[in-house]
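Have a look at the structure below, then the notes.
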Amino acid sequence: MNLPMYRALLLDATYQVLDNKMFRLLVLLVLALVVPFFLIQFRETDVSALFGLYKFAYETVPPELFDWGGPHAKETAIQDVQEIFVEFLAGSVGTLFCIAATAFFMPDMLEKGSADTAFSKPVRRGVLLLARYVSGILFVAALASVLIFGIYAGLRLASGHHDPGFLWSIVTLVYLFAIFHAVSIMVGILTRSSVTAILATLLLFVFCATVQFLWVARQNYLLREQVVFARADSLLDGEEDPRARGGESGGGGPMWAALEVAHHLLPKTMDADVIARKLRLSLEPDPEYADSTGLAIRSVPEGFERADAAESLAVWTAMENGVEVARYSLGRESRRTPDGKLRSTLVAARELAASLATSAGVVGAPVEVRLDLGGLTRTRTVLWEERRGAEVAVRARHFFSVKREWMYELGVTAQPGWLDAEQRTAHAGSFLHGFELPGAESSYAERVGFGAEPRYNLSLSIATSLGFAALALLVGWWRLARLDF
Amino acid sequence: MTEPSVRARGLEKTFGGGFRALAGVDLEVGRGQVFGLLGPNGAGKTTLIKVLLGLVVGWRGEAELLGVRAGNAHVRRRVGYLPESHRLPGYLTGRQVIQLFGMMSGAGAAEVRARAPKLLGEMGIAGFADAKVRTYSKGMQQRLGLAQALVHRPELLILDEPTDGVDPVGRRKIREIVEGLKREGVTIFINSHLLMEVELVCDRVVIMDKGRILREGSVAELTAETGAVRLVLHEPPEDLARILERSPLKPAISGSTLEVAAGIAETNELIDLLRSAGVRIRSVEPRKLTLEESFIDLVRKERA
């Protein structure tokens, strides 16, 4: 291997990128996007801009715009803003800009005069092609690094938000660009025209996004339909497995078949965001609680600590002056009844309420409420008060199901002086809101993963997308090897 | 036995559309020669060079560079090439061009770094070493192009129109560089329209047209004597034409120059005639064809 040769090609790529006016303009734009993160402070309840000169509370943001009213408003707000900057601005608009800015790399080298000098050197044509490909990757890697690391540093310094997983976005942005840059290189070689390379690549970008959008929308529809059937069935006497009703592809006419084929052959560009999120999760610390059903609890309410649990899966208690004032206990049971049917959370809550109504220690009538945990998941909650010796303990039990087979109960026991009734429900709701449920897998986003079945498998998605890019480069190389200069 | 620097046998190349650029070229360039390639536009000269350098593919026949089949990337480490109407990357400085192209040609980074100032100095562009190539004039780019072709000390240097866009001083400089390289034993293959230059520096010359070699030989062979003699007179008398009427040779008069097809005896008879008439003679020399005349004559005959 000739190291000076490869070093020269790399240096050439670097000089070309640094000299590019569009690159410098994009660097300035990226810096303009990053600087606000150093000037804006995301706090627990509000956002403070320009060192306190301007403030707004999360709750003033219309919920239809952003749902920043929850107990984790700061994290939610930061995540939403990051998504706008990374997924929309960088992942879509930025990628389009970068495609336009780098499309001339190959046609320029193939121009008469340039080609004679470059291709008469003792460098194989394929290596020169790869060198130009790497130039583009360097171009975007530099921009993505400034953007993502800048945002990360800004959030860390100004808002105290530490999220190293966010840095994975550099990789996914480069990954997304690498796919389309390969196409741009191929078209550049086939046509020797920058304009055609830009237009063809942009068209493919839009086409791929449209195909995947339609495919995901259809999958979401089919998956949701299954869950709705399952939920309806679970309230009735029994249910059959909805997957047995015709599979997830849902059949359909030739249009859907074409969509299916196109989706599997084309790069799955929308997956870049999902990959970033999954990679990000992989860097997060181990959850406070996790079990085999996929339920994970990453944090517990302030003041609570894990305690020994004999009969429950986990117990968290809050102490004041050495005395326990509140306790959360997590339990689980199968929804499957002895006759093989599934028991609903509604039935479980009603049975509990009925038994409490006749129980001697219960004060007053139990109350049934529902707490929304997001998506299709809601709890059925029973609230009641229970006499314990001279004291009256406040109790609650929240039922929710996980993966159709399991029903969880979060029991709450508190001293009457620990928060008022409304605050207690809000406290439990806030705790439950932080639960990461594996979900009913009612959407593509929930199903997709590195270990998922082939249809939703991210490794396969990456492999086919990169395969598409490799094929484009291969076609480019095949043509380049046959060009006369 | 040392392999020739360039060897071609029955070399053919037909481009898409059926244009036959090379129609069976046989050629051999020995080591250390300065070899000139002449021909009108479209003769196939540049195609021949591009076949040798792997810039054109899909040819038939045999073509070798330094004993290795043409198109082999590895052998190009031993070759320097200055393309016609080349375009060096505008985003690089002159110094970067020398360094990067030298490294791409297989030379070490330290070596090209050390050699760059000397080469740029020799080309007369040292003052612009750190300026971007896009700010260079055409002549400066041509000199830089030559420098990048030399940076890795090639055994074979291929120059396609090396003095294109270069001023007379620059041309002379390039000629001196070529002569210096020739002394060092570098084989030089020149394709140029400027026949005077080829005549001045080349040992052997090939004249091509329509993809074929019309003639090959040394400059002396191609510029052979014509059998004519040229006499330059000192202040020719007004009645010169009348004096010459006495000669059976009927020389052509052009100002103070007489040109006549004559052997040694006839030339001396003419001199005697002129001297006896009191005409003073400045010089007498056999008339030779210039390379240009030889080239035009050959191409005309071929096309006729």
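Going by the structure tokens order, chains are called A, B, ..., each with residues numbered from 1, while ligands are numbered from 1 in the order shown.
The protein and nucleic acid residues lying at most 9 Å from Gly211 in chain B are B:Glu12, B:Lys13, B:Arg20, B:Ala21, B:Leu22, B:Ala23, B:Gly24, B:Val25, B:Gly42, B:Ala43, B:Gly44, B:Lys45, B:Thr47, B:Leu48, with only C-alpha atoms considered and sequence neighbours fewer than 4 positions away removed.
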Writing out the chosen residues with N, CA and C atoms as an mmCIF file, in the first residue's frame:
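Dumped to result_22.cif:
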```cif
data_model
loop_
_atom_site.group_PDB
_atom_site.id
_atom_site.type_symbol
_atom_site.label_atom_id
_atom_site.label_comp_id
_atom_site.auth_asym_id
_atom_site.auth_seq_id
_atom_site.Cartn_x
_atom_site.Cartn_y
_atom_site.Cartn_z
ATOM 1 N N GLU B 12 -4.321 0.223 -32.334
ATOM 2 C CA GLU B 12 -5.544 0.760 -32.951
ATOM 3 C C GLU B 12 -6.508 1.231 -31.866
ATOM 4 N N LYS B 13 -7.177 2.311 -32.181
ATOM 5 C CA LYS B 13 -8.225 2.777 -31.262
ATOM 6 C C LYS B 13 -9.347 3.413 -32.076
ATOM 7 N N ARG B 20 -11.880 6.418 -36.211
ATOM 8 C CA ARG B 20 -10.670 5.615 -36.011
ATOM 9 C C ARG B 20 -9.510 6.562 -35.739
ATOM 10 N N ALA B 21 -9.140 6.703 -34.481
ATOM 11 C CA ALA B 21 -8.095 7.661 -34.119
ATOM 12 C C ALA B 21 -6.706 7.086 -34.336
ATOM 13 N N LEU B 22 -6.545 5.796 -34.098
ATOM 14 C CA LEU B 22 -5.251 5.142 -34.341
ATOM 15 C C LEU B 22 -5.511 3.948 -35.258
ATOM 16 N N ALA B 23 -4.746 3.903 -36.342
ATOM 17 C CA ALA B 23 -5.039 2.865 -37.341
ATOM 18 C C ALA B 23 -3.834 1.968 -37.556
ATOM 19 N N GLY B 24 -3.289 1.466 -36.462
ATOM 20 C CA GLY B 24 -2.154 0.555 -36.578
ATOM 21 C C GLY B 24 -0.826 1.288 -36.468
ATOM 22 N N VAL B 25 -0.552 1.795 -35.288
ATOM 23 C CA VAL B 25 0.679 2.570 -35.069
ATOM 24 C C VAL B 25 1.805 1.644 -34.609
ATOM 25 N N GLY B 42 -6.110 16.186 -35.178
ATOM 26 C CA GLY B 42 -6.880 14.971 -35.463
ATOM 27 C C GLY B 42 -6.039 13.838 -36.011
ATOM 28 N N ALA B 43 -4.707 13.997 -35.953
ATOM 29 C CA ALA B 43 -3.821 12.962 -36.511
ATOM 30 C C ALA B 43 -3.772 11.719 -35.619
ATOM 31 N N GLY B 44 -4.114 11.906 -34.334
ATOM 32 C CA GLY B 44 -4.079 10.773 -33.402
ATOM 33 C C GLY B 44 -2.939 10.870 -32.404
ATOM 34 N N LYS B 45 -2.251 12.013 -32.379
ATOM 35 C CA LYS B 45 -1.088 12.158 -31.481
ATOM 36 C C LYS B 45 -1.505 12.076 -30.011
ATOM 37 N N THR B 47 -4.279 10.953 -28.791
ATOM 38 C CA THR B 47 -4.870 9.634 -28.488
ATOM 39 C C THR B 47 -3.755 8.629 -28.197
ATOM 40 N N LEU B 48 -2.684 8.707 -28.985
ATOM 41 C CA LEU B 48 -1.559 7.793 -28.759
ATOM 42 C C LEU B 48 -1.005 7.974 -27.342
#
```
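Omitting Arg282 in chain B and its sequence neighbours fewer than 3 positions away, and counting only C-alpha atoms, the residues within 7 Å are Val232, Leu233 and His234 of chain B.
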- Message: So that I can check the surroundings of Gly54 in chain B, please list as an MDAnalysis selection string every protein, DNA and RNA residue that reaches within 8 Å of it, counting only C-alpha atoms and ignoring chain neighbours fewer than 2 positions away.
- Response: (chainID A and resid 119:120) or (chainID B and resid 50:52 56:57 70:73)
Could the residues in this selection be saved with C-alpha atoms as a PDB file, in the first residue's frame?
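And here's part_26.pdb as it stands now:
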```pdb
ATOM      1  CA  PHE A 119      -6.160  10.000 -14.124  1.00  0.00           C
ATOM      2  CA  SER A 120      -2.621   9.936 -15.516  1.00  0.00           C
TER       3      SER A 120
ATOM      4  CA  LYS B  50      -3.549   8.830 -23.781  1.00  0.00           C
ATOM      5  CA  VAL B  51      -3.447   5.155 -24.695  1.00  0.00           C
ATOM      6  CA  LEU B  52       0.067   4.948 -23.279  1.00  0.00           C
ATOM      7  CA  VAL B  56      -8.061   5.944 -23.178  1.00  0.00           C
ATOM      8  CA  VAL B  57      -9.246   2.366 -22.899  1.00  0.00           C
ATOM      9  CA  ALA B  70       0.129   0.561 -21.172  1.00  0.00           C
ATOM     10  CA  GLY B  71      -2.719   1.293 -18.776  1.00  0.00           C
ATOM     11  CA  ASN B  72      -0.930  -0.259 -15.815  1.00  0.00           C
ATOM     12  CA  ALA B  73      -1.241   2.259 -12.989  1.00  0.00           C
TER      13      ALA B  73
END
```
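Neighbours of Gln148 in chain B closer than or equal to 9 Å, with only C-alpha atoms counted and sequence neighbours fewer than 5 positions away skipped, come out as Gly80, Tyr81, Leu82, Val97, Ile98, Gln99, Leu100, Phe101, Gly102, Leu119 and Arg143 of chain B.
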Would you output that residue set with N, CA and C atoms, as a tab-separated table (two decimals), in the first residue's frame?
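Written file, part_6.tsv:
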```
chain	number	residue	atom	x	y	z
B	80	GLY	N	6.23	11.08	-16.08
B	80	GLY	CA	5.69	12.42	-15.81
B	80	GLY	C	4.90	12.85	-17.03
B	81	TYR	N	3.80	13.54	-16.80
B	81	TYR	CA	2.94	13.89	-17.93
B	81	TYR	C	2.42	15.32	-17.78
B	82	LEU	N	2.62	16.10	-18.82
B	82	LEU	CA	2.03	17.43	-18.87
B	82	LEU	C	0.97	17.39	-19.97
B	97	VAL	N	0.10	21.81	-5.11
B	97	VAL	CA	0.02	21.00	-6.34
B	97	VAL	C	1.27	20.13	-6.45
B	98	ILE	N	2.42	20.76	-6.26
B	98	ILE	CA	3.68	20.01	-6.38
B	98	ILE	C	3.72	18.89	-5.35
B	99	GLN	N	3.37	19.24	-4.11
B	99	GLN	CA	3.48	18.25	-3.03
B	99	GLN	C	2.48	17.10	-3.23
B	100	LEU	N	1.21	17.45	-3.47
B	100	LEU	CA	0.19	16.39	-3.56
B	100	LEU	C	0.36	15.53	-4.82
B	101	PHE	N	0.65	16.19	-5.94
B	101	PHE	CA	0.80	15.41	-7.17
B	101	PHE	C	2.06	14.55	-7.12
B	102	GLY	N	3.07	15.07	-6.44
B	102	GLY	CA	4.29	14.28	-6.25
B	102	GLY	C	4.01	13.04	-5.42
B	119	LEU	N	11.90	23.36	-7.66
B	119	LEU	CA	11.16	23.23	-8.92
B	119	LEU	C	10.41	24.51	-9.26
B	143	ARG	N	3.69	26.31	-16.58
B	143	ARG	CA	4.98	26.03	-15.91
B	143	ARG	C	4.75	25.14	-14.68
```
- Query: By how many Å are CA of Tyr136 in chain B and CA of Leu110 in chain A apart?
  - Reply: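 Value for the CA of Tyr136 in chain B-CA of Leu110 in chain A distance: 21.3 Å.
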Using only C-alpha atoms, find each residue of chain A with at least one atom at most 12 Å away from an atom of chain B; report its shortest atom-to-atom pair and that distance in Å (one decimal), sort the rows by chain and rising residue number, and return the result as CSV.
```
residue,atom,partner,partner_atom,distance
A:Met1,CA,B:Gly106,CA,10.5
A:Asn2,CA,B:Gly106,CA,7.0
A:Leu3,CA,B:Gly106,CA,8.6
A:Pro4,CA,B:Met103,CA,5.2
A:Met5,CA,B:Met104,CA,4.3
A:Tyr6,CA,B:Met104,CA,7.5
A:Arg7,CA,B:Met103,CA,7.8
A:Ala8,CA,B:Leu100,CA,5.0
A:Leu9,CA,B:Met104,CA,7.2
A:Leu10,CA,B:Leu100,CA,9.6
A:Leu11,CA,B:Leu100,CA,7.6
A:Asp12,CA,B:Leu100,CA,7.0
A:Ala13,CA,B:Tyr91,CA,10.3
A:Thr14,CA,B:Tyr91,CA,10.3
A:Tyr15,CA,B:Tyr91,CA,6.8
A:Gln16,CA,B:Tyr91,CA,5.9
A:Val17,CA,B:Tyr91,CA,9.0
A:Leu18,CA,B:Tyr91,CA,8.7
A:Asp19,CA,B:Tyr91,CA,5.8
A:Asn20,CA,B:Tyr91,CA,8.0
A:Lys21,CA,B:Tyr91,CA,10.6
A:Phe105,CA,B:Pro89,CA,11.2
A:Asp108,CA,B:Pro89,CA,9.3
A:Met109,CA,B:Pro89,CA,8.7
A:Leu110,CA,B:Arg87,CA,10.8
A:Glu111,CA,B:Arg87,CA,8.7
A:Lys112,CA,B:His86,CA,7.5
A:Gly113,CA,B:His86,CA,3.9
A:Ser114,CA,B:Arg87,CA,4.8
A:Ala115,CA,B:Arg87,CA,8.3
A:Asp116,CA,B:Pro83,CA,6.2
A:Thr117,CA,B:Pro83,CA,6.5
A:Ala118,CA,B:Phe101,CA,8.5
A:Phe119,CA,B:Leu55,CA,6.5
A:Ser120,CA,B:Leu53,CA,5.8
A:Lys121,CA,B:Ser105,CA,5.8
A:Pro122,CA,B:Ala73,CA,4.5
A:Val123,CA,B:Ala73,CA,6.0
A:Arg124,CA,B:Ala73,CA,6.2
A:Arg125,CA,B:Ala73,CA,9.1
A:Gly126,CA,B:Ala73,CA,11.4
A:Val127,CA,B:Ala73,CA,11.2
A:Leu128,CA,B:Met104,CA,10.5
A:Ala131,CA,B:Met104,CA,11.9
A:Arg479,CA,B:Val57,CA,11.7
A:Leu480,CA,B:Val57,CA,10.6
A:Ala481,CA,B:Val57,CA,8.3
A:Arg482,CA,B:Val57,CA,6.5
A:Leu483,CA,B:Val57,CA,7.1
A:Asp484,CA,B:Val56,CA,4.4
A:Phe485,CA,B:Leu55,CA,5.4
```
Those residues you just picked out, can you put them in a file as a PDB file, in the first residue's frame with C-alpha atoms?
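Final output, result13.pdb:
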```pdb
ATOM      1  CA  MET A   1       0.000   0.000   0.000  1.00  0.00           C
ATOM      2  CA  ASN A   2       1.348   3.393  -0.957  1.00  0.00           C
ATOM      3  CA  LEU A   3       0.804   5.590   2.072  1.00  0.00           C
ATOM      4  CA  PRO A   4       1.955   8.910   0.542  1.00  0.00           C
ATOM      5  CA  MET A   5      -0.526   8.371  -2.291  1.00  0.00           C
ATOM      6  CA  TYR A   6      -3.470   7.841   0.058  1.00  0.00           C
ATOM      7  CA  ARG A   7      -2.283  10.703   2.241  1.00  0.00           C
ATOM      8  CA  ALA A   8      -2.170  12.940  -0.833  1.00  0.00           C
ATOM      9  CA  LEU A   9      -5.705  11.929  -1.828  1.00  0.00           C
ATOM     10  CA  LEU A  10      -6.953  12.641   1.681  1.00  0.00           C
ATOM     11  CA  LEU A  11      -5.183  16.005   1.803  1.00  0.00           C
ATOM     12  CA  ASP A  12      -6.549  16.863  -1.620  1.00  0.00           C
ATOM     13  CA  ALA A  13     -10.053  16.041  -0.386  1.00  0.00           C
ATOM     14  CA  THR A  14      -9.537  18.199   2.702  1.00  0.00           C
ATOM     15  CA  TYR A  15      -8.209  21.176   0.729  1.00  0.00           C
ATOM     16  CA  GLN A  16     -11.087  20.876  -1.700  1.00  0.00           C
ATOM     17  CA  VAL A  17     -13.622  20.911   1.118  1.00  0.00           C
ATOM     18  CA  LEU A  18     -11.989  23.788   2.997  1.00  0.00           C
ATOM     19  CA  ASP A  19     -11.804  25.885  -0.155  1.00  0.00           C
ATOM     20  CA  ASN A  20     -15.453  25.301  -0.991  1.00  0.00           C
ATOM     21  CA  LYS A  21     -17.474  28.520  -0.603  1.00  0.00           C
ATOM     22  CA  PHE A 105     -16.907  16.975  -6.962  1.00  0.00           C
ATOM     23  CA  ASP A 108     -15.319  18.604 -11.950  1.00  0.00           C
ATOM     24  CA  MET A 109     -12.679  15.913 -11.833  1.00  0.00           C
ATOM     25  CA  LEU A 110     -13.983  14.405 -15.076  1.00  0.00           C
ATOM     26  CA  GLU A 111     -13.791  17.691 -16.974  1.00  0.00           C
ATOM     27  CA  LYS A 112     -11.338  17.773 -19.834  1.00  0.00           C
ATOM     28  CA  GLY A 113      -8.044  19.066 -18.527  1.00  0.00           C
ATOM     29  CA  SER A 114      -8.646  18.031 -14.918  1.00  0.00           C
ATOM     30  CA  ALA A 115      -9.207  14.391 -15.831  1.00  0.00           C
ATOM     31  CA  ASP A 116      -6.007  14.131 -17.859  1.00  0.00           C
ATOM     32  CA  THR A 117      -3.934  15.308 -14.918  1.00  0.00           C
ATOM     33  CA  ALA A 118      -5.713  13.278 -12.249  1.00  0.00           C
ATOM     34  CA  PHE A 119      -6.160  10.000 -14.124  1.00  0.00           C
ATOM     35  CA  SER A 120      -2.621   9.936 -15.516  1.00  0.00           C
ATOM     36  CA  LYS A 121      -1.291   9.581 -11.982  1.00  0.00           C
ATOM     37  CA  PRO A 122      -0.477   6.087 -10.768  1.00  0.00           C
ATOM     38  CA  VAL A 123      -3.773   5.875  -8.900  1.00  0.00           C
ATOM     39  CA  ARG A 124      -6.483   3.434  -9.911  1.00  0.00           C
ATOM     40  CA  ARG A 125      -9.691   4.978 -11.148  1.00  0.00           C
ATOM     41  CA  GLY A 126     -11.659   3.247  -8.413  1.00  0.00           C
ATOM     42  CA  VAL A 127      -9.407   4.803  -5.776  1.00  0.00           C
ATOM     43  CA  LEU A 128      -9.924   8.265  -7.272  1.00  0.00           C
ATOM     44  CA  ALA A 131     -11.319   9.712  -2.804  1.00  0.00           C
ATOM     45  CA  ARG A 479     -18.657   3.348 -15.939  1.00  0.00           C
ATOM     46  CA  LEU A 480     -15.535   5.222 -14.838  1.00  0.00           C
ATOM     47  CA  ALA A 481     -13.353   2.239 -15.728  1.00  0.00           C
ATOM     48  CA  ARG A 482     -14.688   2.444 -19.286  1.00  0.00           C
ATOM     49  CA  LEU A 483     -14.441   6.177 -19.832  1.00  0.00           C
ATOM     50  CA  ASP A 484     -12.069   7.659 -22.388  1.00  0.00           C
ATOM     51  CA  PHE A 485     -10.572  11.021 -21.452  1.00  0.00           C
TER      52      PHE A 485
END
```
- Query: DSSP says strand (DSSP E) for which residues of range 340-463 of chain A? Put them as an MDAnalysis selection string?
  - Reply: chainID A and resid 362:372 378:388 391:402 406:414 435:436
- Task: Find the distance between CA of Ala307 in chain A and CA of Glu422 in chain A and write it in Å to one decimal.
- Result: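 Here the two named atoms are 25.4 Å from each other.
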- Query: If you count only C-alpha atoms, which residues fall within 9 Å of Met140 in chain B, apart from same-chain ones fewer than 2 positions away, as a list in words?
  - Reply: Met123, Gly124, Ile125, Val133, Tyr136, Ser137, Lys138, Gln142, Arg143, Leu144, Gly145, Gly165 and Val166 of chain B
How would the residues just chosen look if you wrote them out with C-alpha atoms as a tab-separated table (two decimals), in the first residue's frame?
```
chain	number	residue	atom	x	y	z
B	123	MET	CA	9.96	27.43	-13.39
B	124	GLY	CA	10.09	31.06	-12.32
B	125	ILE	CA	6.96	30.92	-10.19
B	133	VAL	CA	-3.74	28.07	-8.82
B	136	TYR	CA	-2.32	31.93	-12.03
B	137	SER	CA	-2.04	33.12	-15.63
B	138	LYS	CA	-2.11	30.50	-18.39
B	142	GLN	CA	1.72	25.69	-17.84
B	143	ARG	CA	4.98	26.03	-15.91
B	144	LEU	CA	3.35	24.62	-12.80
B	145	GLY	CA	2.02	21.75	-14.91
B	165	GLY	CA	0.45	29.81	-23.74
B	166	VAL	CA	4.02	30.37	-22.59
```
